[in-house]
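Chemist: Have a peek at target-v4.txt (compact mmCIF, C-alpha atoms).
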# COMPACT_ATOMS: atom_id res chain seq x y z
CA MET A 1 -11.15 -2.48 17.24
CA ARG A 2 -9.36 0.52 18.73
CA THR A 3 -5.62 1.08 18.39
CA ARG A 4 -3.46 4.16 18.57
CA PHE A 5 -3.72 4.37 14.79
CA THR A 6 -7.52 4.26 14.67
CA GLU A 7 -7.57 6.99 17.32
CA LEU A 8 -5.03 9.06 15.38
CA CYS A 9 -7.02 8.96 12.15
CA GLY A 10 -10.55 8.78 13.50
CA ILE A 11 -11.38 5.49 11.77
CA GLU A 12 -13.29 2.42 12.95
CA TYR A 13 -10.91 -0.37 11.93
CA PRO A 14 -7.09 -0.49 11.71
CA ILE A 15 -7.07 -1.17 7.96
CA VAL A 16 -5.49 1.18 5.43
CA GLN A 17 -5.78 1.11 1.66
CA GLY A 18 -2.30 2.08 0.52
CA GLY A 19 -1.67 4.67 -2.15
CA MET A 20 -1.46 3.03 -5.59
CA GLN A 21 -0.70 4.78 -8.85
CA TRP A 22 -3.71 4.76 -11.23
CA VAL A 23 -5.77 2.77 -8.67
CA GLY A 24 -6.11 5.19 -5.75
CA ARG A 25 -9.13 7.10 -7.04
CA ALA A 26 -12.29 8.34 -5.34
CA GLU A 27 -14.33 5.20 -6.10
CA LEU A 28 -11.97 2.97 -4.14
CA ALA A 29 -10.88 5.37 -1.39
CA SER A 30 -14.45 6.34 -0.50
CA ALA A 31 -15.57 2.69 -0.42
CA VAL A 32 -12.76 1.75 1.96
CA SER A 33 -13.51 4.69 4.23
CA ASN A 34 -17.26 3.99 4.17
CA ALA A 35 -16.46 0.43 5.28
CA GLY A 36 -14.57 1.71 8.32
CA GLY A 37 -10.98 1.71 7.05
CA LEU A 38 -8.81 4.54 5.76
CA GLY A 39 -9.08 5.05 2.01
CA ILE A 40 -6.19 6.77 0.23
CA LEU A 41 -6.24 8.82 -2.97
CA THR A 42 -2.97 8.85 -4.90
CA ALA A 43 -1.98 12.43 -5.71
CA LEU A 44 0.16 11.73 -8.76
CA THR A 45 -2.58 9.66 -10.40
CA GLN A 46 -4.07 13.07 -11.11
CA PRO A 47 -2.38 14.96 -13.96
CA THR A 48 -2.35 18.34 -12.20
CA PRO A 49 -2.75 19.77 -8.70
CA GLU A 50 -6.09 21.24 -9.76
CA ALA A 51 -7.27 17.82 -10.89
CA LEU A 52 -6.28 16.51 -7.45
CA ARG A 53 -8.42 19.18 -5.79
CA GLN A 54 -11.35 18.03 -7.90
CA GLU A 55 -10.71 14.35 -7.03
CA ILE A 56 -10.59 15.20 -3.32
CA GLU A 57 -13.96 16.93 -3.65
CA ARG A 58 -15.35 13.98 -5.61
CA CYS A 59 -14.23 11.63 -2.83
CA ARG A 60 -15.76 13.92 -0.21
CA ASP A 61 -19.05 13.74 -2.09
CA MET A 62 -18.89 9.93 -1.81
CA THR A 63 -18.00 9.61 1.89
CA ASP A 64 -18.31 11.60 5.09
CA LYS A 65 -15.61 9.47 6.74
CA PRO A 66 -11.89 10.31 6.99
CA PHE A 67 -9.72 9.56 3.96
CA GLY A 68 -6.15 10.43 3.08
CA VAL A 69 -3.94 11.28 0.13
CA ASN A 70 -0.65 9.62 -0.85
CA LEU A 71 2.19 11.86 -2.02
CA THR A 72 5.20 9.86 -3.24
CA ILE A 73 8.38 11.82 -3.84
CA LEU A 74 10.72 10.21 -6.34
CA PRO A 75 13.96 11.46 -7.93
CA SER A 76 13.26 12.53 -11.50
CA MET A 77 14.82 14.47 -14.37
CA ASN A 78 11.51 16.33 -14.69
CA PRO A 79 9.83 16.13 -11.28
CA PRO A 80 6.15 16.98 -10.93
CA PRO A 81 5.28 20.16 -9.01
CA TYR A 82 5.28 18.49 -5.61
CA ALA A 83 4.83 21.74 -3.71
CA GLU A 84 1.70 22.53 -5.69
CA TYR A 85 0.27 19.07 -5.07
CA ARG A 86 1.09 19.51 -1.38
CA ARG A 87 -0.69 22.86 -1.32
CA ALA A 88 -3.75 21.32 -2.99
CA ILE A 89 -3.88 18.66 -0.27
CA ILE A 90 -3.58 21.19 2.54
CA GLU A 91 -6.02 23.71 1.11
CA SER A 92 -8.59 20.97 0.43
CA GLY A 93 -8.74 20.17 4.15
CA VAL A 94 -7.36 16.62 3.95
CA THR A 95 -6.45 15.49 7.48
CA VAL A 96 -4.18 12.49 6.77
CA VAL A 97 -1.35 12.15 4.25
CA GLU A 98 0.69 9.07 3.38
CA THR A 99 4.16 10.15 2.28
CA ALA A 100 6.74 7.92 0.65
CA GLY A 101 9.97 8.24 -1.26
CA HIS A 102 12.95 10.51 -1.39
CA LYS A 103 13.73 13.30 1.11
CA PRO A 104 10.22 14.18 2.34
CA GLN A 105 11.41 16.71 4.95
CA GLU A 106 9.99 19.90 3.44
CA HIS A 107 6.67 18.22 2.74
CA VAL A 108 6.39 16.74 6.23
CA ALA A 109 7.20 20.11 7.80
CA ASP A 110 4.55 21.91 5.76
CA PHE A 111 1.90 19.27 6.39
CA LYS A 112 2.58 19.29 10.11
CA ALA A 113 2.53 23.09 10.25
CA ASN A 114 -0.96 22.94 8.77
CA GLY A 115 -2.32 20.29 11.13
CA VAL A 116 -2.17 17.37 8.69
CA LYS A 117 -1.30 13.99 10.20
CA VAL A 118 1.56 12.29 8.32
CA VAL A 119 2.01 8.54 7.88
CA HIS A 120 5.39 7.89 6.28
CA LYS A 121 5.87 4.67 4.32
CA CYS A 122 9.35 3.14 4.24
CA THR A 123 11.15 -0.19 3.85
CA ALA A 124 13.93 0.06 6.44
CA VAL A 125 14.04 0.62 10.19
CA ARG A 126 16.77 3.26 9.83
CA HIS A 127 14.52 5.28 7.52
CA ALA A 128 11.60 4.89 9.92
CA VAL A 129 13.72 6.22 12.79
CA SER A 130 14.72 9.22 10.67
CA ALA A 131 11.09 9.87 9.79
CA GLU A 132 10.07 9.81 13.46
CA ARG A 133 12.78 12.37 14.20
CA MET A 134 11.36 14.42 11.34
CA GLY A 135 8.03 14.57 13.16
CA VAL A 136 5.74 12.15 11.31
CA ASP A 137 2.78 10.79 13.27
CA ALA A 138 3.01 7.13 12.22
CA ILE A 139 5.10 4.76 10.12
CA SER A 140 3.91 2.28 7.51
CA ILE A 141 6.72 -0.28 7.35
CA ASP A 142 6.84 -2.20 4.07
CA GLY A 143 8.25 -5.73 4.11
CA PHE A 144 9.95 -7.65 1.29
CA GLU A 145 6.67 -9.40 0.42
CA CYS A 146 5.10 -6.18 -0.82
CA ALA A 147 4.16 -5.02 -4.28
CA GLY A 148 6.04 -1.99 -5.52
CA HIS A 149 9.45 -1.08 -4.15
CA PRO A 150 10.57 -3.31 -1.22
CA GLY A 151 13.99 -1.67 -0.92
CA GLU A 152 17.31 -3.45 -1.25
CA ASP A 153 17.59 -5.11 2.18
CA ASP A 154 15.19 -8.02 1.55
CA ILE A 155 13.82 -8.06 5.12
CA PRO A 156 10.42 -9.79 5.39
CA GLY A 157 7.66 -8.48 7.60
CA LEU A 158 8.06 -11.11 10.30
CA ILE A 159 11.39 -9.46 11.19
CA LEU A 160 10.94 -5.93 9.89
CA ILE A 161 7.72 -5.13 11.75
CA PRO A 162 8.89 -5.94 15.31
CA ALA A 163 12.33 -4.50 14.54
CA ALA A 164 10.65 -1.20 13.67
CA VAL A 165 8.32 -1.34 16.67
CA ASP A 166 11.32 -1.85 18.96
CA LYS A 167 12.96 1.36 17.72
CA LEU A 168 9.94 3.66 17.44
CA THR A 169 7.52 5.32 19.84
CA ILE A 170 4.90 6.33 17.24
CA PRO A 171 2.31 3.87 15.84
CA VAL A 172 3.48 1.41 13.21
CA ILE A 173 1.30 0.08 10.40
CA ALA A 174 2.36 -3.24 8.88
CA SER A 175 2.50 -3.33 5.09
CA GLY A 176 3.36 -6.05 2.59
CA GLY A 177 1.68 -9.46 2.47
CA PHE A 178 -1.58 -8.63 4.26
CA GLY A 179 -4.97 -9.69 2.98
CA ASP A 180 -7.05 -11.35 5.68
CA GLY A 181 -7.86 -11.49 9.40
CA ARG A 182 -4.97 -13.82 10.13
CA GLY A 183 -2.56 -11.18 8.86
CA LEU A 184 -4.18 -8.47 10.94
CA VAL A 185 -3.86 -10.51 14.14
CA ALA A 186 -0.27 -11.41 13.27
CA ALA A 187 0.57 -7.74 12.71
CA LEU A 188 -0.97 -6.80 16.07
CA ALA A 189 1.00 -9.60 17.75
CA LEU A 190 4.21 -8.22 16.23
CA GLY A 191 3.49 -4.81 17.75
CA ALA A 192 1.87 -3.01 14.82
CA GLU A 193 -1.34 -1.01 15.26
CA GLY A 194 -2.94 -1.89 11.94
CA ILE A 195 -2.30 -3.11 8.42
CA ASN A 196 -1.85 -1.49 5.03
CA MET A 197 -3.17 -3.42 2.01
CA GLY A 198 -2.55 -2.63 -1.65
CA THR A 199 -2.85 -5.73 -3.82
CA ARG A 200 -5.83 -7.02 -1.81
CA PHE A 201 -7.69 -3.76 -2.51
CA CYS A 202 -7.00 -4.13 -6.24
CA ALA A 203 -9.19 -7.25 -6.23
CA VAL A 204 -12.39 -5.62 -4.98
CA ARG A 205 -15.41 -4.57 -6.98
CA GLU A 206 -14.86 -0.86 -6.46
CA ALA A 207 -11.24 -0.86 -7.67
CA PRO A 208 -11.23 1.25 -10.87
CA ILE A 209 -9.29 -1.28 -12.93
CA HIS A 210 -10.26 -3.89 -15.53
CA GLU A 211 -11.80 -7.18 -14.43
CA ASN A 212 -9.03 -9.06 -16.27
CA VAL A 213 -6.49 -7.58 -13.87
CA LYS A 214 -8.57 -8.47 -10.84
CA GLN A 215 -8.96 -12.02 -12.12
CA LEU A 216 -5.20 -12.27 -12.74
CA ILE A 217 -4.63 -11.49 -9.05
CA VAL A 218 -7.19 -14.10 -8.00
CA ASN A 219 -5.71 -16.73 -10.33
CA ASN A 220 -2.10 -16.10 -9.33
CA ASP A 221 -0.43 -17.80 -6.38
CA GLU A 222 2.25 -16.56 -4.00
CA ARG A 223 5.01 -17.43 -6.48
CA ALA A 224 3.55 -15.37 -9.31
CA THR A 225 5.62 -12.22 -8.92
CA ASN A 226 8.84 -11.01 -10.52
CA LEU A 227 11.51 -8.84 -8.96
CA ILE A 228 12.64 -6.31 -11.55
CA PHE A 229 15.13 -3.41 -11.62
CA ARG A 230 17.31 -5.20 -9.04
CA LYS A 231 20.30 -4.86 -11.33
CA PHE A 232 19.74 -1.11 -11.32
CA HIS A 233 19.40 -0.86 -7.52
CA ASN A 234 15.73 0.10 -7.69
CA THR A 235 14.11 -3.27 -6.95
CA ALA A 236 10.41 -3.57 -7.66
CA ARG A 237 7.94 -6.43 -7.24
CA VAL A 238 5.32 -6.87 -9.94
CA ALA A 239 2.90 -9.59 -11.04
CA LYS A 240 4.38 -12.32 -13.21
CA THR A 241 3.19 -11.56 -16.76
CA SER A 242 4.67 -11.78 -20.23
CA VAL A 243 5.90 -8.21 -19.87
CA SER A 244 7.64 -8.65 -16.53
CA ASP A 245 9.11 -11.96 -17.76
CA GLN A 246 10.67 -10.05 -20.66
CA VAL A 247 12.07 -7.45 -18.27
CA VAL A 248 13.67 -10.19 -16.15
CA GLU A 249 15.09 -12.00 -19.20
CA ILE A 250 16.58 -8.90 -20.80
CA SER A 251 17.99 -7.62 -17.50
CA ALA A 252 19.78 -10.93 -16.93
CA ARG A 253 21.77 -10.58 -20.13
CA GLU A 254 25.41 -9.71 -19.65
CA GLY A 255 26.01 -6.03 -20.26
CA SER A 256 22.33 -5.10 -20.37
CA GLU A 257 21.39 -1.55 -19.40
CA PHE A 258 18.17 0.12 -18.30
CA LYS A 259 17.66 1.50 -21.78
CA ASP A 260 17.22 -2.08 -22.99
CA ILE A 261 14.03 -2.48 -20.96
CA ALA A 262 12.86 1.14 -20.89
CA HIS A 263 10.28 0.55 -23.63
CA LEU A 264 8.57 -2.14 -21.54
CA VAL A 265 8.16 -0.33 -18.23
CA PRO A 266 6.69 3.17 -18.70
CA GLY A 267 3.91 4.08 -16.31
CA ALA A 268 1.68 4.93 -19.27
CA ARG A 269 1.88 1.32 -20.47
CA GLY A 270 1.05 0.05 -17.00
CA ARG A 271 -1.95 2.35 -16.84
CA LEU A 272 -3.14 1.06 -20.20
CA ALA A 273 -2.86 -2.53 -18.95
CA LEU A 274 -4.92 -1.72 -15.85
CA GLU A 275 -7.61 0.11 -17.79
CA SER A 276 -7.82 -1.99 -20.96
CA GLY A 277 -7.37 -5.41 -19.37
CA ASN A 278 -4.68 -6.31 -21.92
CA LEU A 279 -2.22 -8.06 -19.62
CA ASP A 280 0.51 -7.98 -22.28
CA GLU A 281 0.43 -4.20 -22.50
CA GLY A 282 2.48 -3.16 -19.45
CA LEU A 283 3.59 -3.94 -15.91
CA ILE A 284 0.99 -4.84 -13.30
CA TRP A 285 2.15 -4.22 -9.76
CA ALA A 286 1.17 -6.93 -7.28
CA GLY A 287 2.64 -8.65 -4.23
CA MET A 288 3.06 -12.17 -2.89
CA VAL A 289 -0.29 -11.84 -1.11
CA GLN A 290 -1.86 -12.87 -4.41
CA GLY A 291 -1.63 -16.39 -2.99
CA LEU A 292 -4.17 -15.45 -0.29
CA ILE A 293 -6.65 -13.73 -2.61
CA HIS A 294 -9.45 -15.97 -3.87
CA ASP A 295 -12.38 -13.67 -4.65
CA ILE A 296 -13.45 -10.16 -5.64
CA PRO A 297 -15.71 -8.84 -2.86
CA THR A 298 -16.89 -5.32 -2.17
CA CYS A 299 -14.75 -3.25 0.20
CA LYS A 300 -17.38 -3.61 2.90
CA GLU A 301 -17.54 -7.38 2.48
CA LEU A 302 -13.76 -7.62 2.63
CA ILE A 303 -13.28 -5.41 5.68
CA ASP A 304 -16.18 -7.01 7.55
CA ARG A 305 -14.70 -10.44 6.81
CA ILE A 306 -11.21 -9.43 7.94
CA MET A 307 -12.53 -8.02 11.18
CA GLY A 308 -14.74 -11.07 11.76
CA GLU A 309 -11.80 -13.41 11.18
CA ALA A 310 -9.52 -11.34 13.41
CA ASN A 311 -11.99 -11.21 16.28
CA ALA A 312 -12.67 -14.93 16.02
CA ILE A 313 -8.95 -15.73 16.16
CA ILE A 314 -8.42 -13.48 19.17
CA GLN A 315 -11.50 -14.56 21.11
CA GLU A 316 -11.59 -18.25 20.21
CA ARG A 317 -8.33 -19.72 18.92
CA LEU A 318 -5.94 -17.65 21.04
CA SER A 319 -8.15 -17.87 24.11
CA ARG A 320 -7.95 -21.66 23.85
CA PHE A 321 -4.17 -21.45 24.03
CA ALA A 322 -4.48 -19.15 27.02
CA ALA A 323 -6.72 -21.70 28.67
CA LEU A 324 -4.15 -24.42 28.02
CA SER A 325 -1.40 -22.36 29.59
CA ALA A 326 -3.62 -21.91 32.64
CA HIS A 327 -3.98 -25.73 32.87
CA GLN A 328 -7.67 -25.58 32.09
CA PRO A 329 -9.29 -28.36 30.02
CA LEU A 330 -9.71 -27.56 26.33
CA GLU A 331 -12.92 -28.31 24.48
CA ALA A 332 -12.62 -30.44 21.38
Could the structure of this file be written out as structure tokens, please?

Modeler:
Amino acid sequence: MRTRFTELCGIEYPIVQGGMQWVGRAELASAVSNAGGLGILTALTQPTPEALRQEIERCRDMTDKPFGVNLTILPSMNPPPYAEYRRAIIESGVTVVETAGHKPQEHVADFKANGVKVVHKCTAVRHAVSAERMGVDAISIDGFECAGHPGEDDIPGLILIPAAVDKLTIPVIASGGFGDGRGLVAALALGAEGINMGTRFCAVREAPIHENVKQLIVNNDERATNLIFRKFHNTARVAKTSVSDQVVEISAREGSEFKDIAHLVPGARGRLALESGNLDEGLIWAGMVQGLIHDIPTCKELIDRIMGEANAIIQERLSRFAALSAHQPLEA
């Protein structure tokens, strides 16, 4: 299936594995790329820029297909050395970067000056328009259904995706709520040129997280998420667990402050939950698409299934509607 995005990145299928902290490692990214999609390493999962260089080389040893690196820029009292991570990405010969977060201008400019294609992930059309002006090559637009940070506008993908497509000239990737062939076809119908999946790629065999976490995602339905940090204007969607329930309950108390939940939400605790399988240890980030996830396949099995479903919908179901509109008899 060829789209402007597959042509841009040199991949077979318009399916991207989004950057995910602690999850976006070589095992997963290489498996996605080997299956025809675009695997993404997550830069800040690695403790140092040098460790990122080593992870890029490890991924390259596992696939000869294109893969990318996510670099998320967030405001922080003690920010990581973003410029050094950026330099590691460029000097390692990575050809595609997924950027996200706060004021990416200097990073985008440097990537572009060194021939790296930039896909910028955002949650609002106005930010997407700004990113296009900045010179990025594609936009990943993240609807309210997503895991992680959906922004503060609460616009679901059914509106956000075509609204972004209407305002942009560069390719748009649809993100948030995607997990099967039906979603891919819907995204294409809305004007996107592919889909970005995070939660769905957590529940695959190659995902480097504990089986308990994968099974939680399979067991959960579409209602099993919590919105947290809304009170602090940094809304995040996570899986419904005892920890996120506590965060919601404490945050709802009159006069509560971030310091009252700070002990529950550190990234180190979330990493421990992912790696140990103790679901009460920390936050587990997951989206509403949990309700569409019913198994734990390999990346190849998943991508082959998505593409098979998508092609069947386009060639069979939609063609039947086209036949009806042409006043041709429909088969039973």

Chemist: Which residues are near A:Pro150? Cut-off 8 Å, all atoms listed in the file, ignore same chain within fewer than 4 positions. Put them as number ranges by chain.

Modeler: A: 123, 142-146, 154, 235-237

Chemist: Mind checking which residues fall within 7 Å of stretch 217-229 of chain A, counting only C-alpha atoms, ignoring those fewer than 6 positions away in the same chain, and posting them as a list in words?

Modeler: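 In the requested form, the answer reads Ala203, Thr235, Ala236, Arg237, Val238, Ala239, Lys240, Ser244, Val247, Val248, Gly287, Met288, Val289, Gln290, Gly291, Ile293, His294 and Asp295 of chain A.
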
Chemist: Please determine the residues with any atom at most 6 Å from (-10.1, 2.0, 2.6) (coordinates as given in the file, with all atoms listed in the file counting) and report them as a PyMOL selection string.

Modeler: chain A and resi 16-17+29+32-33+37-39

Chemist: Under the rule that all atoms listed in the file are counted, which of A:Glu249, A:Glu55, A:Glu211, A:Asp260 is the nearest residue to A:Glu275?

Modeler: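 Using all atoms listed in the file, A:Glu275 sits closest to A:Glu211.
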
Chemist: When distances are computed from only C-alpha atoms, which of A:Gly176, A:Gly194, A:Gly18, A:Gly277 shows the smallest separation from A:Lys214?

Modeler: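 Answer, going by the shortest atom-to-atom distance: A:Gly277.
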
Chemist: Determine, counting only C-alpha atoms, which protein, DNA and RNA residues have an atom within 10 Å of an atom of A:Phe232; residues of the same chain fewer than 5 positions away are not included. Present the result as a PyMOL selection string.

Modeler: chain A and resi 251+257-258

Chemist: With 3 Å on each side, where is the centre of the axis-aligned box around all listed atoms of stretch 273-291 of chain A, and how long are its edges in Å to one decimal, as JSON?

Modeler:
{"center_x": -2.1, "center_y": -8.1, "center_z": -11.8, "size_x": 17.4, "size_y": 22.5, "size_z": 27.4}

Chemist: Applying 12 Å and only C-alpha atoms, which residues near A:Ile170 remain after dropping the ones on its own chain fewer than 3 positions away? List them as an MDAnalysis selection string.

Modeler: chainID A and resid 3:5 8 118:120 128:129 131:140 164:167 173 191:193

Chemist: Go through A:His127, A:Ile306, A:Leu44, A:Ile261 and flag the residue nearest A:Gly151, using all atoms listed in the file for the distances.

Modeler: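 So, comparing all the options, the nearest one is A:His127.
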
Chemist: Just how far from atom CA of A:Val213 is atom CA of A:Glu27, in Å to one decimal?

Modeler: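 Atom-to-atom, atom CA of A:Glu27 to atom CA of A:Val213, that is 16.9 Å.
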
Chemist: Can you pull out the residues contacting A:Arg182? Cut-off 9 Å, using only C-alpha atoms, and skip same-chain residues under 2 positions away; I want them as a list in words.

Modeler: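 These residues fall inside the cut-off: Phe178, Gly179, Asp180, Leu184, Val185, Ala186, Ala187, Ile306, Glu309, Ala310 and Ile313 of chain A.
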
Chemist: Write the residues of the preceding selection, restricted to C-alpha atoms, as a PDB file, in the coordinates of the input.

Modeler:
ATOM      1  CA  PHE A 178      -1.580  -8.630   4.260  1.00  0.00           C
ATOM      2  CA  GLY A 179      -4.970  -9.690   2.980  1.00  0.00           C
ATOM      3  CA  ASP A 180      -7.050 -11.350   5.680  1.00  0.00           C
ATOM      4  CA  LEU A 184      -4.180  -8.470  10.940  1.00  0.00           C
ATOM      5  CA  VAL A 185      -3.860 -10.510  14.140  1.00  0.00           C
ATOM      6  CA  ALA A 186      -0.270 -11.410  13.270  1.00  0.00           C
ATOM      7  CA  ALA A 187       0.570  -7.740  12.710  1.00  0.00           C
ATOM      8  CA  ILE A 306     -11.210  -9.430   7.940  1.00  0.00           C
ATOM      9  CA  GLU A 309     -11.800 -13.410  11.180  1.00  0.00           C
ATOM     10  CA  ALA A 310      -9.520 -11.340  13.410  1.00  0.00           C
ATOM     11  CA  ILE A 313      -8.950 -15.730  16.160  1.00  0.00           C
TER      12      ILE A 313
END

Chemist: Please report the interatomic distance between atom CA of A:Ala147 and atom CA of A:Thr199 in Å with one decimal.

Modeler: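 Computed distance, atom CA of A:Ala147 to atom CA of A:Thr199, equals 7.1 Å.
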
Chemist: For A:Phe201, which residue among A:Leu302, A:Cys122, A:Leu283, A:Ala35 is the nearest when counting only C-alpha atoms?

Modeler: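 Closest candidate: A:Leu302.
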
Chemist: Closest to A:Ile159 among A:Ser130, A:Val125, A:Ile195, A:Gly115, using only C-alpha atoms?

Modeler: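 Closest candidate: A:Val125.
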
Chemist: Between A:Cys9, A:Val116, A:Leu158, A:Leu292, which has the minimum distance to A:Pro171 (counting only C-alpha atoms)?

Modeler: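 Of all the options, A:Cys9 lies closest to A:Pro171.
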
Chemist: Save stretch 244-269 of chain A to a file: N, CA and C atoms, as a tab-separated table (two decimals), in the first residue's frame.

Modeler:
chain	number	residue	atom	x	y	z
A	244	SER	N	-3.26	4.60	39.16
A	244	SER	CA	-3.91	5.74	38.51
A	244	SER	C	-5.23	6.09	39.19
A	245	ASP	N	-5.91	5.09	39.77
A	245	ASP	CA	-7.12	5.39	40.56
A	245	ASP	C	-6.78	6.27	41.77
A	246	GLN	N	-5.65	5.98	42.41
A	246	GLN	CA	-5.22	6.82	43.54
A	246	GLN	C	-4.92	8.24	43.09
A	247	VAL	N	-4.26	8.37	41.93
A	247	VAL	CA	-3.93	9.70	41.41
A	247	VAL	C	-5.20	10.50	41.16
A	248	VAL	N	-6.21	9.86	40.57
A	248	VAL	CA	-7.48	10.52	40.29
A	248	VAL	C	-8.15	10.93	41.60
A	249	GLU	N	-8.18	10.03	42.57
A	249	GLU	CA	-8.88	10.29	43.84
A	249	GLU	C	-8.20	11.43	44.60
A	250	ILE	N	-6.90	11.42	44.69
A	250	ILE	CA	-6.18	12.47	45.43
A	250	ILE	C	-6.33	13.81	44.71
A	251	SER	N	-6.23	13.78	43.39
A	251	SER	CA	-6.31	15.03	42.61
A	251	SER	C	-7.68	15.69	42.76
A	252	ALA	N	-8.71	14.88	42.98
A	252	ALA	CA	-10.07	15.42	43.08
A	252	ALA	C	-10.34	16.11	44.43
A	253	ARG	N	-9.46	15.92	45.37
A	253	ARG	CA	-9.66	16.53	46.68
A	253	ARG	C	-9.50	18.04	46.59
A	254	GLU	N	-10.34	18.75	47.27
A	254	GLU	CA	-10.25	20.20	47.28
A	254	GLU	C	-8.91	20.64	47.86
A	255	GLY	N	-8.25	21.53	47.12
A	255	GLY	CA	-6.97	22.06	47.58
A	255	GLY	C	-5.77	21.19	47.31
A	256	SER	N	-5.97	20.04	46.64
A	256	SER	CA	-4.83	19.17	46.38
A	256	SER	C	-3.86	19.82	45.40
A	257	GLU	N	-2.58	19.47	45.55
A	257	GLU	CA	-1.52	20.00	44.71
A	257	GLU	C	-0.75	18.84	44.10
A	258	PHE	N	0.08	19.17	43.10
A	258	PHE	CA	0.83	18.11	42.43
A	258	PHE	C	1.72	17.35	43.41
A	259	LYS	N	2.22	18.03	44.41
A	259	LYS	CA	3.11	17.36	45.36
A	259	LYS	C	2.40	16.22	46.09
A	260	ASP	N	1.07	16.26	46.13
A	260	ASP	CA	0.31	15.22	46.81
A	260	ASP	C	0.28	13.90	46.04
A	261	ILE	N	0.54	13.97	44.74
A	261	ILE	CA	0.55	12.75	43.93
A	261	ILE	C	1.95	12.44	43.38
A	262	ALA	N	2.90	13.32	43.64
A	262	ALA	CA	4.22	13.19	43.03
A	262	ALA	C	4.87	11.84	43.31
A	263	HIS	N	4.61	11.28	44.50
A	263	HIS	CA	5.25	10.00	44.84
A	263	HIS	C	4.69	8.83	44.04
A	264	LEU	N	3.53	9.01	43.42
A	264	LEU	CA	2.88	7.93	42.67
A	264	LEU	C	3.26	7.89	41.20
A	265	VAL	N	3.78	8.99	40.66
A	265	VAL	CA	3.87	9.12	39.21
A	265	VAL	C	5.28	9.20	38.60
A	266	PRO	N	6.35	9.01	39.36
A	266	PRO	CA	7.67	9.11	38.73
A	266	PRO	C	7.85	8.11	37.60
A	267	GLY	N	8.60	8.52	36.58
A	267	GLY	CA	8.87	7.62	35.48
A	267	GLY	C	9.57	6.34	35.91
A	268	ALA	N	10.41	6.44	36.95
A	268	ALA	CA	11.13	5.26	37.43
A	268	ALA	C	10.16	4.20	37.96
A	269	ARG	N	9.08	4.65	38.60
A	269	ARG	CA	8.08	3.69	39.08
A	269	ARG	C	7.32	3.05	37.92
